[in-house]
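Engineer: File upload.pdb follows (PDB, C-alpha atoms):
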```
ATOM      1  CA  MET A 589     -18.562 -36.712 -40.510  1.00  0.00           C
ATOM      2  CA  GLY A 590     -19.342 -39.666 -42.688  1.00  0.00           C
ATOM      3  CA  THR A 591     -21.279 -41.235 -45.477  1.00  0.00           C
ATOM      4  CA  PRO A 592     -24.816 -42.504 -45.008  1.00  0.00           C
ATOM      5  CA  GLY A 593     -24.965 -45.983 -43.593  1.00  0.00           C
ATOM      6  CA  GLU A 594     -27.167 -48.110 -41.418  1.00  0.00           C
ATOM      7  CA  GLY A 595     -28.313 -46.300 -38.301  1.00  0.00           C
ATOM      8  CA  LEU A 596     -25.671 -43.807 -37.257  1.00  0.00           C
ATOM      9  CA  GLY A 597     -23.664 -44.008 -40.486  1.00  0.00           C
ATOM     10  CA  ARG A 598     -19.981 -44.612 -41.158  1.00  0.00           C
ATOM     11  CA  CYS A 599     -17.460 -41.935 -40.215  1.00  0.00           C
ATOM     12  CA  SER A 600     -14.779 -40.930 -42.709  1.00  0.00           C
ATOM     13  CA  HIS A 601     -13.268 -37.777 -41.178  1.00  0.00           C
ATOM     14  CA  ALA A 602     -12.624 -36.346 -37.739  1.00  0.00           C
ATOM     15  CA  LEU A 603     -12.336 -32.607 -37.065  1.00  0.00           C
ATOM     16  CA  ILE A 604     -10.387 -31.461 -34.009  1.00  0.00           C
ATOM     17  CA  ARG A 605      -8.825 -28.193 -32.806  1.00  0.00           C
ATOM     18  CA  GLY A 606      -5.643 -27.756 -30.788  1.00  0.00           C
ATOM     19  CA  VAL A 607      -5.657 -26.808 -27.100  1.00  0.00           C
ATOM     20  CA  PRO A 608      -4.745 -23.117 -26.543  1.00  0.00           C
ATOM     21  CA  GLU A 609      -2.872 -21.870 -23.495  1.00  0.00           C
ATOM     22  CA  SER A 610      -5.815 -19.562 -22.732  1.00  0.00           C
ATOM     23  CA  LEU A 611      -7.895 -22.594 -21.766  1.00  0.00           C
ATOM     24  CA  ALA A 612      -5.712 -22.978 -18.667  1.00  0.00           C
ATOM     25  CA  SER A 613      -5.233 -19.288 -17.928  1.00  0.00           C
ATOM     26  CA  GLY A 614      -8.549 -18.690 -16.200  1.00  0.00           C
ATOM     27  CA  GLU A 615     -10.776 -18.177 -19.196  1.00  0.00           C
ATOM     28  CA  GLY A 616     -11.756 -21.841 -19.156  1.00  0.00           C
ATOM     29  CA  ALA A 617     -12.555 -21.603 -15.444  1.00  0.00           C
ATOM     30  CA  GLY A 618     -14.776 -18.638 -16.219  1.00  0.00           C
ATOM     31  CA  ALA A 619     -16.795 -20.921 -18.457  1.00  0.00           C
ATOM     32  CA  GLY A 620     -17.314 -23.392 -15.626  1.00  0.00           C
ATOM     33  CA  LEU A 621     -14.503 -25.797 -16.546  1.00  0.00           C
ATOM     34  CA  PRO A 622     -12.288 -27.321 -13.838  1.00  0.00           C
ATOM     35  CA  ALA A 623      -8.656 -26.316 -13.428  1.00  0.00           C
ATOM     36  CA  LEU A 624      -6.637 -27.604 -16.353  1.00  0.00           C
ATOM     37  CA  ASP A 625      -3.143 -29.059 -16.565  1.00  0.00           C
ATOM     38  CA  LEU A 626      -2.212 -27.531 -19.922  1.00  0.00           C
ATOM     39  CA  ALA A 627       0.725 -29.817 -20.721  1.00  0.00           C
ATOM     40  CA  LYS A 628      -1.334 -32.912 -19.916  1.00  0.00           C
ATOM     41  CA  ALA A 629      -4.280 -31.660 -21.959  1.00  0.00           C
ATOM     42  CA  GLN A 630      -2.055 -31.021 -24.965  1.00  0.00           C
ATOM     43  CA  ARG A 631      -0.460 -34.473 -24.667  1.00  0.00           C
ATOM     44  CA  GLU A 632      -3.880 -36.114 -24.452  1.00  0.00           C
ATOM     45  CA  HIS A 633      -5.034 -34.107 -27.438  1.00  0.00           C
ATOM     46  CA  GLY A 634      -2.102 -35.487 -29.431  1.00  0.00           C
ATOM     47  CA  VAL A 635      -2.969 -39.022 -28.339  1.00  0.00           C
ATOM     48  CA  LEU A 636      -6.579 -38.473 -29.391  1.00  0.00           C
ATOM     49  CA  GLY A 637      -5.506 -37.414 -32.877  1.00  0.00           C
ATOM     50  CA  GLY A 638      -3.294 -40.487 -33.183  1.00  0.00           C
ATOM     51  CA  LYS A 639      -6.079 -42.840 -32.110  1.00  0.00           C
ATOM     52  CA  LEU A 640      -8.554 -41.290 -34.534  1.00  0.00           C
ATOM     53  CA  ARG A 641      -6.096 -41.634 -37.392  1.00  0.00           C
ATOM     54  CA  GLN A 642      -4.382 -44.936 -36.636  1.00  0.00           C
ATOM     55  CA  ARG A 643      -6.941 -46.980 -34.714  1.00  0.00           C
ATOM     56  CA  LEU A 644     -10.115 -45.805 -36.430  1.00  0.00           C
ATOM     57  CA  GLY A 645      -8.650 -45.071 -39.841  1.00  0.00           C
ATOM     58  CA  LEU A 646     -10.222 -41.618 -40.073  1.00  0.00           C
ATOM     59  CA  GLN A 647      -8.896 -38.758 -42.135  1.00  0.00           C
ATOM     60  CA  LEU A 648      -7.949 -36.165 -39.557  1.00  0.00           C
ATOM     61  CA  VAL A 649      -8.641 -32.472 -40.114  1.00  0.00           C
ATOM     62  CA  GLU A 650      -6.948 -30.430 -37.380  1.00  0.00           C
ATOM     63  CA  LEU A 651      -7.548 -26.737 -36.806  1.00  0.00           C
ATOM     64  CA  PRO A 652      -4.770 -24.826 -35.031  1.00  0.00           C
ATOM     65  CA  PRO A 653      -5.383 -23.537 -31.492  1.00  0.00           C
ATOM     66  CA  GLU A 654      -6.487 -19.922 -31.206  1.00  0.00           C
ATOM     67  CA  GLU A 655      -5.718 -18.059 -28.006  1.00  0.00           C
ATOM     68  CA  SER A 656      -8.800 -15.855 -28.498  1.00  0.00           C
ATOM     69  CA  LEU A 657     -10.962 -18.986 -28.414  1.00  0.00           C
ATOM     70  CA  PRO A 658     -10.214 -20.769 -25.122  1.00  0.00           C
ATOM     71  CA  LEU A 659     -13.143 -23.165 -25.577  1.00  0.00           C
ATOM     72  CA  GLY A 660     -12.367 -23.713 -29.250  1.00  0.00           C
ATOM     73  CA  PRO A 661     -11.434 -27.412 -28.771  1.00  0.00           C
ATOM     74  CA  LEU A 662     -15.097 -28.116 -27.870  1.00  0.00           C
ATOM     75  CA  LEU A 663     -16.026 -28.444 -31.536  1.00  0.00           C
ATOM     76  CA  GLY A 664     -19.192 -30.410 -30.842  1.00  0.00           C
ATOM     77  CA  ASP A 665     -21.007 -27.178 -30.052  1.00  0.00           C
ATOM     78  CA  THR A 666     -20.253 -25.519 -33.400  1.00  0.00           C
ATOM     79  CA  ALA A 667     -22.034 -27.711 -35.960  1.00  0.00           C
ATOM     80  CA  VAL A 668     -24.709 -30.380 -36.360  1.00  0.00           C
ATOM     81  CA  ILE A 669     -23.849 -32.759 -39.197  1.00  0.00           C
ATOM     82  CA  GLN A 670     -25.986 -35.436 -40.806  1.00  0.00           C
ATOM     83  CA  GLY A 671     -25.190 -36.906 -44.191  1.00  0.00           C
ATOM     84  CA  ASP A 672     -23.791 -34.190 -46.442  1.00  0.00           C
ATOM     85  CA  THR A 673     -25.441 -31.319 -44.531  1.00  0.00           C
ATOM     86  CA  ALA A 674     -23.790 -29.253 -41.808  1.00  0.00           C
ATOM     87  CA  LEU A 675     -25.850 -26.825 -39.756  1.00  0.00           C
ATOM     88  CA  ILE A 676     -23.536 -24.146 -38.349  1.00  0.00           C
ATOM     89  CA  THR A 677     -24.783 -23.377 -34.857  1.00  0.00           C
ATOM     90  CA  ARG A 678     -25.215 -20.118 -32.963  1.00  0.00           C
ATOM     91  CA  PRO A 679     -23.778 -20.773 -29.489  1.00  0.00           C
ATOM     92  CA  TRP A 680     -25.534 -19.222 -26.501  1.00  0.00           C
ATOM     93  CA  SER A 681     -22.369 -17.448 -25.378  1.00  0.00           C
ATOM     94  CA  PRO A 682     -21.477 -14.506 -27.671  1.00  0.00           C
ATOM     95  CA  ALA A 683     -17.805 -15.082 -26.823  1.00  0.00           C
ATOM     96  CA  ARG A 684     -18.001 -18.530 -28.419  1.00  0.00           C
ATOM     97  CA  ARG A 685     -19.662 -17.526 -31.686  1.00  0.00           C
ATOM     98  CA  PRO A 686     -16.367 -16.782 -33.501  1.00  0.00           C
ATOM     99  CA  GLU A 687     -15.501 -20.483 -33.009  1.00  0.00           C
ATOM    100  CA  VAL A 688     -17.786 -21.418 -35.892  1.00  0.00           C
ATOM    101  CA  ASP A 689     -15.742 -19.530 -38.510  1.00  0.00           C
ATOM    102  CA  GLY A 690     -12.889 -22.009 -38.754  1.00  0.00           C
ATOM    103  CA  VAL A 691     -15.286 -24.932 -38.520  1.00  0.00           C
ATOM    104  CA  ARG A 692     -17.422 -23.565 -41.350  1.00  0.00           C
ATOM    105  CA  LYS A 693     -14.366 -23.226 -43.610  1.00  0.00           C
ATOM    106  CA  ALA A 694     -13.166 -26.757 -42.808  1.00  0.00           C
ATOM    107  CA  LEU A 695     -16.571 -28.265 -43.541  1.00  0.00           C
ATOM    108  CA  GLN A 696     -16.894 -26.291 -46.772  1.00  0.00           C
ATOM    109  CA  ASP A 697     -13.499 -27.629 -47.866  1.00  0.00           C
ATOM    110  CA  LEU A 698     -14.814 -31.155 -47.262  1.00  0.00           C
ATOM    111  CA  GLY A 699     -17.689 -30.483 -49.655  1.00  0.00           C
ATOM    112  CA  LEU A 700     -20.544 -30.414 -47.145  1.00  0.00           C
ATOM    113  CA  ARG A 701     -23.655 -28.349 -47.746  1.00  0.00           C
ATOM    114  CA  ILE A 702     -23.548 -25.514 -45.239  1.00  0.00           C
ATOM    115  CA  VAL A 703     -26.715 -24.196 -43.563  1.00  0.00           C
ATOM    116  CA  GLU A 704     -26.485 -21.015 -41.504  1.00  0.00           C
ATOM    117  CA  MET A 705     -28.592 -19.915 -38.544  1.00  0.00           C
ATOM    118  CA  GLY A 706     -29.650 -16.423 -39.562  1.00  0.00           C
ATOM    119  CA  ASP A 707     -32.114 -15.770 -36.754  1.00  0.00           C
ATOM    120  CA  GLU A 708     -30.515 -13.623 -34.042  1.00  0.00           C
ATOM    121  CA  ASN A 709     -33.142 -14.812 -31.561  1.00  0.00           C
ATOM    122  CA  ALA A 710     -32.004 -18.420 -31.930  1.00  0.00           C
ATOM    123  CA  THR A 711     -29.356 -20.102 -29.788  1.00  0.00           C
ATOM    124  CA  LEU A 712     -28.066 -23.607 -30.377  1.00  0.00           C
ATOM    125  CA  ASP A 713     -25.138 -25.517 -28.895  1.00  0.00           C
ATOM    126  CA  GLY A 714     -24.410 -28.642 -30.914  1.00  0.00           C
ATOM    127  CA  THR A 715     -24.042 -30.818 -27.821  1.00  0.00           C
ATOM    128  CA  ASP A 716     -27.730 -30.225 -27.127  1.00  0.00           C
ATOM    129  CA  VAL A 717     -28.518 -32.209 -30.294  1.00  0.00           C
ATOM    130  CA  LEU A 718     -28.674 -36.011 -30.208  1.00  0.00           C
ATOM    131  CA  PHE A 719     -29.093 -37.917 -33.486  1.00  0.00           C
ATOM    132  CA  THR A 720     -30.105 -41.544 -32.962  1.00  0.00           C
ATOM    133  CA  GLY A 721     -29.822 -42.665 -36.558  1.00  0.00           C
ATOM    134  CA  ARG A 722     -33.612 -42.437 -36.862  1.00  0.00           C
ATOM    135  CA  GLU A 723     -34.565 -39.085 -35.361  1.00  0.00           C
ATOM    136  CA  PHE A 724     -33.216 -36.002 -33.602  1.00  0.00           C
ATOM    137  CA  PHE A 725     -33.709 -34.949 -30.007  1.00  0.00           C
ATOM    138  CA  VAL A 726     -32.860 -31.339 -29.143  1.00  0.00           C
ATOM    139  CA  GLY A 727     -32.324 -30.340 -25.527  1.00  0.00           C
ATOM    140  CA  LEU A 728     -33.981 -27.112 -24.443  1.00  0.00           C
ATOM    141  CA  SER A 729     -31.387 -25.902 -21.978  1.00  0.00           C
ATOM    142  CA  LYS A 730     -29.566 -22.831 -20.774  1.00  0.00           C
ATOM    143  CA  TRP A 731     -27.648 -23.051 -24.051  1.00  0.00           C
ATOM    144  CA  THR A 732     -30.337 -23.871 -26.625  1.00  0.00           C
ATOM    145  CA  ASN A 733     -33.764 -22.303 -27.072  1.00  0.00           C
ATOM    146  CA  HIS A 734     -36.908 -23.330 -28.906  1.00  0.00           C
ATOM    147  CA  ARG A 735     -36.075 -21.277 -31.986  1.00  0.00           C
ATOM    148  CA  GLY A 736     -32.755 -23.085 -32.260  1.00  0.00           C
ATOM    149  CA  ALA A 737     -34.597 -26.412 -32.149  1.00  0.00           C
ATOM    150  CA  GLU A 738     -36.973 -25.222 -34.877  1.00  0.00           C
ATOM    151  CA  ILE A 739     -34.015 -24.505 -37.141  1.00  0.00           C
ATOM    152  CA  VAL A 740     -32.726 -28.049 -36.596  1.00  0.00           C
ATOM    153  CA  ALA A 741     -36.141 -29.321 -37.699  1.00  0.00           C
ATOM    154  CA  ASP A 742     -36.170 -27.030 -40.729  1.00  0.00           C
ATOM    155  CA  THR A 743     -32.695 -28.188 -41.744  1.00  0.00           C
ATOM    156  CA  PHE A 744     -33.170 -31.936 -41.387  1.00  0.00           C
ATOM    157  CA  ARG A 745     -36.690 -32.367 -42.708  1.00  0.00           C
ATOM    158  CA  ASP A 746     -36.286 -36.074 -43.453  1.00  0.00           C
ATOM    159  CA  PHE A 747     -36.173 -36.825 -39.728  1.00  0.00           C
ATOM    160  CA  ALA A 748     -38.500 -36.294 -36.802  1.00  0.00           C
ATOM    161  CA  VAL A 749     -37.180 -33.672 -34.364  1.00  0.00           C
ATOM    162  CA  SER A 750     -38.385 -33.608 -30.750  1.00  0.00           C
ATOM    163  CA  THR A 751     -37.461 -31.240 -27.926  1.00  0.00           C
ATOM    164  CA  VAL A 752     -36.412 -32.425 -24.474  1.00  0.00           C
ATOM    165  CA  PRO A 753     -36.238 -30.071 -21.452  1.00  0.00           C
ATOM    166  CA  VAL A 754     -32.795 -30.166 -19.835  1.00  0.00           C
ATOM    167  CA  SER A 755     -32.448 -29.045 -16.233  1.00  0.00           C
ATOM    168  CA  GLY A 756     -29.321 -27.586 -14.653  1.00  0.00           C
ATOM    169  CA  PRO A 757     -26.145 -26.532 -16.470  1.00  0.00           C
ATOM    170  CA  SER A 758     -25.833 -29.625 -18.669  1.00  0.00           C
ATOM    171  CA  HIS A 759     -26.299 -30.117 -22.387  1.00  0.00           C
ATOM    172  CA  LEU A 760     -28.485 -33.002 -23.538  1.00  0.00           C
ATOM    173  CA  ARG A 761     -25.478 -35.008 -24.722  1.00  0.00           C
ATOM    174  CA  GLY A 762     -23.895 -34.489 -21.312  1.00  0.00           C
ATOM    175  CA  LEU A 763     -26.784 -36.562 -19.924  1.00  0.00           C
ATOM    176  CA  CYS A 764     -27.178 -39.230 -22.596  1.00  0.00           C
ATOM    177  CA  GLY A 765     -25.780 -40.320 -25.936  1.00  0.00           C
ATOM    178  CA  MET A 766     -25.703 -43.159 -28.432  1.00  0.00           C
ATOM    179  CA  GLY A 767     -23.742 -46.255 -27.462  1.00  0.00           C
ATOM    180  CA  GLY A 768     -24.393 -47.858 -30.846  1.00  0.00           C
ATOM    181  CA  PRO A 769     -27.290 -48.410 -33.242  1.00  0.00           C
ATOM    182  CA  ARG A 770     -30.580 -48.374 -31.311  1.00  0.00           C
ATOM    183  CA  THR A 771     -28.799 -48.141 -27.925  1.00  0.00           C
ATOM    184  CA  VAL A 772     -29.023 -45.044 -25.731  1.00  0.00           C
ATOM    185  CA  VAL A 773     -26.420 -44.610 -22.989  1.00  0.00           C
ATOM    186  CA  ALA A 774     -27.512 -42.494 -20.025  1.00  0.00           C
ATOM    187  CA  GLY A 775     -26.216 -41.554 -16.614  1.00  0.00           C
ATOM    188  CA  SER A 776     -27.967 -42.529 -13.405  1.00  0.00           C
ATOM    189  CA  SER A 777     -28.505 -38.936 -12.251  1.00  0.00           C
ATOM    190  CA  GLU A 778     -32.001 -37.565 -11.830  1.00  0.00           C
ATOM    191  CA  ALA A 779     -31.456 -35.123 -14.700  1.00  0.00           C
ATOM    192  CA  SER A 780     -30.316 -37.924 -17.029  1.00  0.00           C
ATOM    193  CA  GLN A 781     -33.231 -40.166 -16.159  1.00  0.00           C
ATOM    194  CA  LYS A 782     -35.720 -37.321 -16.521  1.00  0.00           C
ATOM    195  CA  ALA A 783     -34.419 -36.555 -20.008  1.00  0.00           C
ATOM    196  CA  VAL A 784     -34.566 -40.220 -21.040  1.00  0.00           C
ATOM    197  CA  ARG A 785     -38.109 -40.619 -19.757  1.00  0.00           C
ATOM    198  CA  MET A 786     -39.173 -37.641 -21.855  1.00  0.00           C
ATOM    199  CA  MET A 787     -37.455 -39.140 -24.906  1.00  0.00           C
ATOM    200  CA  GLN A 788     -39.388 -42.360 -24.336  1.00  0.00           C
ATOM    201  CA  LEU A 789     -42.663 -40.468 -24.400  1.00  0.00           C
ATOM    202  CA  LEU A 790     -41.762 -38.684 -27.624  1.00  0.00           C
ATOM    203  CA  THR A 791     -40.326 -41.473 -29.755  1.00  0.00           C
ATOM    204  CA  VAL A 792     -42.170 -44.053 -31.836  1.00  0.00           C
ATOM    205  CA  TYR A 793     -39.067 -46.269 -31.980  1.00  0.00           C
ATOM    206  CA  PHE A 794     -37.645 -48.775 -29.521  1.00  0.00           C
ATOM    207  CA  TYR A 795     -34.185 -48.248 -28.046  1.00  0.00           C
ATOM    208  CA  ALA A 796     -32.194 -50.280 -25.562  1.00  0.00           C
ATOM    209  CA  LEU A 797     -31.039 -48.106 -22.677  1.00  0.00           C
ATOM    210  CA  ASP A 798     -27.627 -48.718 -21.167  1.00  0.00           C
ATOM    211  CA  CYS A 799     -27.881 -47.037 -17.775  1.00  0.00           C
ATOM    212  CA  LEU A 800     -24.453 -46.317 -16.321  1.00  0.00           C
ATOM    213  CA  VAL A 801     -25.043 -47.091 -12.666  1.00  0.00           C
ATOM    214  CA  HIS A 802     -21.478 -48.009 -11.659  1.00  0.00           C
ATOM    215  CA  PRO A 803     -18.075 -47.674 -13.318  1.00  0.00           C
ATOM    216  CA  LEU A 804     -17.616 -51.456 -13.229  1.00  0.00           C
ATOM    217  CA  PHE A 805     -20.897 -52.533 -14.788  1.00  0.00           C
ATOM    218  CA  SER A 806     -23.859 -51.202 -16.688  1.00  0.00           C
ATOM    219  CA  CYS A 807     -27.358 -52.496 -17.059  1.00  0.00           C
ATOM    220  CA  ILE A 808     -29.860 -52.348 -19.900  1.00  0.00           C
ATOM    221  CA  VAL A 809     -32.982 -50.924 -18.283  1.00  0.00           C
ATOM    222  CA  GLU A 810     -35.746 -48.703 -19.537  1.00  0.00           C
ATOM    223  CA  VAL A 811     -35.706 -45.939 -16.917  1.00  0.00           C
ATOM    224  CA  GLY A 812     -32.928 -46.984 -14.572  1.00  0.00           C
ATOM    225  CA  THR A 813     -34.434 -49.779 -12.479  1.00  0.00           C
ATOM    226  CA  CYS A 814     -36.438 -52.786 -13.642  1.00  0.00           C
ATOM    227  CA  PRO A 815     -39.958 -52.337 -12.199  1.00  0.00           C
ATOM    228  CA  ILE A 816     -40.430 -56.102 -11.880  1.00  0.00           C
ATOM    229  CA  ALA A 817     -37.070 -57.126 -10.444  1.00  0.00           C
ATOM    230  CA  ARG A 818     -36.942 -53.863  -8.416  1.00  0.00           C
ATOM    231  CA  ARG A 819     -33.205 -53.734  -8.933  1.00  0.00           C
ATOM    232  CA  HIS A 820     -30.505 -53.225 -11.535  1.00  0.00           C
ATOM    233  CA  CYS A 821     -29.981 -56.607 -13.187  1.00  0.00           C
ATOM    234  CA  ARG A 822     -26.310 -57.348 -13.803  1.00  0.00           C
ATOM    235  CA  SER A 823     -27.138 -60.398 -15.935  1.00  0.00           C
ATOM    236  CA  SER A 824     -28.612 -58.131 -18.630  1.00  0.00           C
ATOM    237  CA  LEU A 825     -25.221 -56.493 -19.130  1.00  0.00           C
ATOM    238  CA  MET A 826     -25.036 -55.018 -22.634  1.00  0.00           C
ATOM    239  CA  SER A 827     -28.049 -57.041 -23.820  1.00  0.00           C
ATOM    240  CA  PRO A 828     -31.161 -55.840 -25.643  1.00  0.00           C
ATOM    241  CA  TRP A 829     -34.066 -55.299 -23.290  1.00  0.00           C
ATOM    242  CA  TYR A 830     -35.885 -58.343 -24.674  1.00  0.00           C
ATOM    243  CA  LEU A 831     -33.164 -60.661 -23.304  1.00  0.00           C
ATOM    244  CA  CYS A 832     -33.822 -59.452 -19.773  1.00  0.00           C
ATOM    245  CA  PRO A 833     -34.179 -62.539 -17.504  1.00  0.00           C
ATOM    246  CA  VAL A 834     -37.378 -61.148 -15.973  1.00  0.00           C
ATOM    247  CA  GLN A 835     -39.123 -61.877 -19.293  1.00  0.00           C
ATOM    248  CA  ASN A 836     -39.740 -58.818 -21.399  1.00  0.00           C
ATOM    249  CA  TRP A 837     -40.654 -56.495 -18.552  1.00  0.00           C
ATOM    250  CA  ARG A 838     -40.958 -53.544 -20.927  1.00  0.00           C
ATOM    251  CA  ARG A 839     -43.748 -55.325 -22.800  1.00  0.00           C
ATOM    252  CA  LEU A 840     -45.422 -56.391 -19.563  1.00  0.00           C
ATOM    253  CA  VAL A 841     -45.308 -52.958 -17.965  1.00  0.00           C
ATOM    254  CA  LEU A 842     -45.784 -50.624 -20.907  1.00  0.00           C
ATOM    255  CA  GLY A 843     -47.750 -52.934 -23.203  1.00  0.00           C
ATOM    256  CA  SER A 844     -45.999 -51.371 -26.187  1.00  0.00           C
ATOM    257  CA  ALA A 845     -43.339 -53.790 -27.358  1.00  0.00           C
ATOM    258  CA  PRO A 846     -43.580 -57.192 -28.994  1.00  0.00           C
ATOM    259  CA  SER A 847     -42.578 -60.334 -27.188  1.00  0.00           C
ATOM    260  CA  ALA A 848     -39.094 -61.624 -27.867  1.00  0.00           C
TER     261      ALA A 848
END
```
Represent the structure of the file as structure tokens.
Structural biologist:
Amino acid sequence: MGTPGEGLGRCSHALIRGVPESLASGEGAGAGLPALDLAKAQREHGVLGGKLRQRLGLQLVELPPEESLPLGPLLGDTAVIQGDTALITRPWSPARRPEVDGVRKALQDLGLRIVEMGDENATLDGTDVLFTGREFFVGLSKWTNHRGAEIVADTFRDFAVSTVPVSGPSHLRGLCGMGGPRTVVAGSSEASQKAVRMMQLLTVYFYALDCLVHPLFSCIVEVGTCPIARRHCRSSLMSPWYLCPVQNWRRLVLGSAPSA
């Protein structure tokens, strides 16, 4: 949550929810989550709150854990926020829909304009929505359908909204996300690269792509491997594509970007 700023904006608040014991009692496993060390998860949750407050200077809003909501800490699925507008989602899983109640109240208390999803045919998990600072991409996945994406477009009419097919059990933001203004971070998996290629076809903007190909280094490439160098170029680490040492390969290959 934040005030409008350049690109992705400036955050002012962070909303988190405590870790319930039910997340480690088998209900989390039923949702496809790995086995959880409850004590460790609760300690890490406390550390997260401290970092958000002390390191980032955010005002922390913390909802208490609810044993009836084992996946309640996954707040990213419950709302899509841009500027002073919060779209309350309608998660695919009926068991998760009560999670939005506490989130709605917290966002109302912060003075945000609340938009509800009234269509019972729509499903939308917030982690299927990626805002780049310029436009929205909505993943069409197991969790989010086309009607859910339409409601995102209806809610945020000042921005272009494009849909991206997501294969497998992932959400769109499980495959890619924003690493900063105009920089998309994506995994090296086939599903991640497929989603990014579709985003490239749909956007009219230029983004650097930080492709995470190894835990020790990452490389700015357009679809994973430079088609001229035929390899991942370590020397372009964290650089805009136009600083690539193989001389603006995106312009040469796609013919769609200006020379540096």
Engineer: Which residues come within 10 Å of stretch 643-645 of chain A, counting all atoms listed in the file, excluding same-chain residues fewer than 6 positions away, as a PyMOL selection string?
Structural biologist: chain A and resi 599-602+637
Engineer: Which neighbours of A:His759 fall inside 7 Å, counting all atoms listed in the file, when residues of the same chain fewer than 6 positions from it are skipped, and could you give them as a ChimeraX atom specification?
Structural biologist: /A:715-716,727,729
Engineer: If you apply the PyMOL selection byres ((chain A and resi 665) around 12) to this file, what residues do you get, as a PyMOL selection string?
Structural biologist: chain A and resi 659-664+666-669+675-681+684-688+691+711-718+731-732+759-762
Engineer: Which polymer residues have any atom within 8 Å of an atom of A:Glu723, counting only C-alpha atoms, with same-chain residues fewer than 4 positions away left out, as a list in words?
Structural biologist: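 Close residues of A:Glu723: Phe719, Phe747, Ala748 and Val749 of chain A.
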Engineer: To one decimal in Å, tell me the separation between atom CA of A:Thr720 and atom CA of A:Met766.
Structural biologist: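 So the answer is 6.5 Å.
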Engineer: Residue by residue, what does the PyMOL selection byres ((chain A and resi 651) around 10) grab here? Present the result as a list in words.
Structural biologist: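 That expression, the PyMOL selection byres ((chain A and resi 651) around 10), corresponds here to Leu603, Ile604, Arg605, Gly606, Val607, Leu648, Val649, Glu650, Pro652, Pro653, Glu654, Gly660, Pro661, Gly690, Val691 and Ala694 of chain A.
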Engineer: Taking C-alpha atoms for each residue, export the selection above as a PDB file, in the coordinates of the input.
Structural biologist:
```pdb
ATOM      1  CA  LEU A 603     -12.336 -32.607 -37.065  1.00  0.00           C
ATOM      2  CA  ILE A 604     -10.387 -31.461 -34.009  1.00  0.00           C
ATOM      3  CA  ARG A 605      -8.825 -28.193 -32.806  1.00  0.00           C
ATOM      4  CA  GLY A 606      -5.643 -27.756 -30.788  1.00  0.00           C
ATOM      5  CA  VAL A 607      -5.657 -26.808 -27.100  1.00  0.00           C
ATOM      6  CA  LEU A 648      -7.949 -36.165 -39.557  1.00  0.00           C
ATOM      7  CA  VAL A 649      -8.641 -32.472 -40.114  1.00  0.00           C
ATOM      8  CA  GLU A 650      -6.948 -30.430 -37.380  1.00  0.00           C
ATOM      9  CA  PRO A 652      -4.770 -24.826 -35.031  1.00  0.00           C
ATOM     10  CA  PRO A 653      -5.383 -23.537 -31.492  1.00  0.00           C
ATOM     11  CA  GLU A 654      -6.487 -19.922 -31.206  1.00  0.00           C
ATOM     12  CA  GLY A 660     -12.367 -23.713 -29.250  1.00  0.00           C
ATOM     13  CA  PRO A 661     -11.434 -27.412 -28.771  1.00  0.00           C
ATOM     14  CA  GLY A 690     -12.889 -22.009 -38.754  1.00  0.00           C
ATOM     15  CA  VAL A 691     -15.286 -24.932 -38.520  1.00  0.00           C
ATOM     16  CA  ALA A 694     -13.166 -26.757 -42.808  1.00  0.00           C
TER      17      ALA A 694
END
```
Engineer: Applied to this file, what does the PyMOL selection byres ((chain A and resi 769-786) around 8) return in terms of residues, put as a ChimeraX atom specification?
Structural biologist: /A:595-596,720-721,752-756,760,763-768,787-790,794-801,811-812
Engineer: For A:Glu609, find every residue with an atom within 12 Å (counting only C-alpha atoms), except residues of its own chain fewer than 5 positions away, and show them as a PDB file with C-alpha atoms, keeping the file's coordinate frame.
Structural biologist:
```pdb
ATOM      1  CA  GLY A 614      -8.549 -18.690 -16.200  1.00  0.00           C
ATOM      2  CA  GLU A 615     -10.776 -18.177 -19.196  1.00  0.00           C
ATOM      3  CA  GLY A 616     -11.756 -21.841 -19.156  1.00  0.00           C
ATOM      4  CA  LEU A 624      -6.637 -27.604 -16.353  1.00  0.00           C
ATOM      5  CA  ASP A 625      -3.143 -29.059 -16.565  1.00  0.00           C
ATOM      6  CA  LEU A 626      -2.212 -27.531 -19.922  1.00  0.00           C
ATOM      7  CA  ALA A 627       0.725 -29.817 -20.721  1.00  0.00           C
ATOM      8  CA  LYS A 628      -1.334 -32.912 -19.916  1.00  0.00           C
ATOM      9  CA  ALA A 629      -4.280 -31.660 -21.959  1.00  0.00           C
ATOM     10  CA  GLN A 630      -2.055 -31.021 -24.965  1.00  0.00           C
ATOM     11  CA  PRO A 653      -5.383 -23.537 -31.492  1.00  0.00           C
ATOM     12  CA  GLU A 654      -6.487 -19.922 -31.206  1.00  0.00           C
ATOM     13  CA  GLU A 655      -5.718 -18.059 -28.006  1.00  0.00           C
ATOM     14  CA  SER A 656      -8.800 -15.855 -28.498  1.00  0.00           C
ATOM     15  CA  LEU A 657     -10.962 -18.986 -28.414  1.00  0.00           C
ATOM     16  CA  PRO A 658     -10.214 -20.769 -25.122  1.00  0.00           C
ATOM     17  CA  LEU A 659     -13.143 -23.165 -25.577  1.00  0.00           C
ATOM     18  CA  GLY A 660     -12.367 -23.713 -29.250  1.00  0.00           C
ATOM     19  CA  PRO A 661     -11.434 -27.412 -28.771  1.00  0.00           C
TER      20      PRO A 661
END
```
Engineer: Find the spatial neighbours of stretch 700-704 of chain A, counting all atoms listed in the file, within a cut-off of 6 Å - ignore same-chain residues fewer than 3 positions away - and output them as number ranges by chain.
Structural biologist: A: 672-676, 695-696
Engineer: Using the file's own x, y and z axes, what box holds all listed atoms of stretch 783-786 of chain A with 8 Å on each side, keeping edges along x, y and z, and what are its centre and edge lengths in Å to one decimal, as lines of an AutoDock Vina configuration file?
Structural biologist:
```
center_x = -36.8
center_y = -38.6
center_z = -20.8
size_x = 20.8
size_y = 20.1
size_z = 18.1
```
